[in-house]
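Below is one structure; the comments refer to it alone.
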Amino acid sequence: MNDLVIDTIKENYQQMFSAEKKVADFILQNPERTVSANVSELAELSGVSDATVIRMCKHLGYQGFYQMKLNLARDLGQHQLVGYCGDQDNPDTAKAILQGIARNLLNTASKLDMNVILGCAKMIRESEMVHAVAVGNTSPVAIDLGFRLGRLGIRTSSALVPEYFLSNISLGSKKDVIVAISHSGSSRQVIQALELGRDKGMKSIAITGSARSPVSQIADYTLNIPVEDPLFSEFGAISHVYAMAVIDALLYFVANAERGPRDVDRLEMLLAEYKL
């Protein structure tokens, strides 16, 4: 769509349902805030449901909220790759970039609940199978998590193709655990994976950038990775540093409990053949 989002909303305003008009009113009055919100946050700010937000966007001709937000960001002239929004100028040296990442990591650490971390670790240790799920930019993080859990002796499934991890979950049992990784917390296939797992009685963990995202609302536990000054926005090359750091902390506590040490030691011996 080439028309401005604001103009499209105004042209279609009279044909909207009353609940949809609440969303439209908020967007018209707060376009910049809309760009920085996810679907659940916009729904809360507008006083409606997530479904109403999505329905309004589709009535305007967009595939969903994300596409509408992407076009709105373009209309506002916001850069879709660089997301840094600190008080200082954008970082222009490698040192400044790494210092910004370190600040965000410390901020994330200060907001993590140790009881939640320990609860997640216990749930993973006691599971029969862990399903690591993610799509798009975040898929490599889920694949890496699956590999590392396997090195700890925990059976794990992960896949780059959503149909594969959905199939694995459908064949799982209530003793399985899903670890869903989504920066926006609004990825449809990740949400479907959580809903499918919930129907089968599985427990779930969400690693996401928003505590009020659809993924967070479904999961039993949420490990939030808020980034105040992101190096990249969600429209560009998202940084995986923060999700990986939280996963490192989680795996540390998972590794504290012994689980199949002989099998793990044997695997390490096999892999040692390929190391100098």
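We name chains A, B, ... following the order of the structure tokens; residues begin at 1 in each chain, and ligands are numbered from 1 as shown.
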
Test item, helix (DSSP H, G or I) assignment across region 41-275 of chain A, answer as a ChimeraX atom specification: /A:41-46,50-59,65-75,94-111,114-125,136-151,162-170,188-199,214-218,241-255,261-272

Selection: 10 Å around region 37-49 of chain A, only C-alpha atoms, excl. self and same-chain fewer than 2 positions, as a ChimeraX atom specification: /A:19-27,32-35,51-55,64-66,69,184-186,209-217

Pairwise distance for CA of Ser204 (chain A) and CA of Ala219 (chain A), rounded to one decimal in Å: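 CA of Ala219 (chain A) lies 5.1 Å from CA of Ser204 (chain A).
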
d(CA of Ala73 (chain A), CA of His183 (chain A)) in Å: 17.8 Å

Shell around Leu223 (chain A) at 8 Å using only C-alpha atoms, local window under 4 positions removed, as a PyMOL selection string: chain A and resi 112+116-117+205-208+246

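Between Thr222 (chain A) and the residues A:Leu72, A:Ala96, A:Val161, A:Cys120, the shortest atom-to-atom distance, using only C-alpha atoms, involves A:Cys120.
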
Contacts of Met129 (chain A) at 7 Å (only C-alpha atoms; same-chain gap of 4+ positions) as a VMD selection string: chain A and resid 155 to 156 176 to 177

Using C-alpha atoms, can you export the residues from the last selection as a PDB file, in the first residue's frame?
ATOM      1  CA  ARG A 155      16.086 -34.048  24.608  1.00  0.00           C
ATOM      2  CA  THR A 156      15.198 -31.076  22.429  1.00  0.00           C
ATOM      3  CA  ASP A 176       7.075 -31.545  27.246  1.00  0.00           C
ATOM      4  CA  VAL A 177       8.042 -27.883  27.590  1.00  0.00           C
TER       5      VAL A 177
END
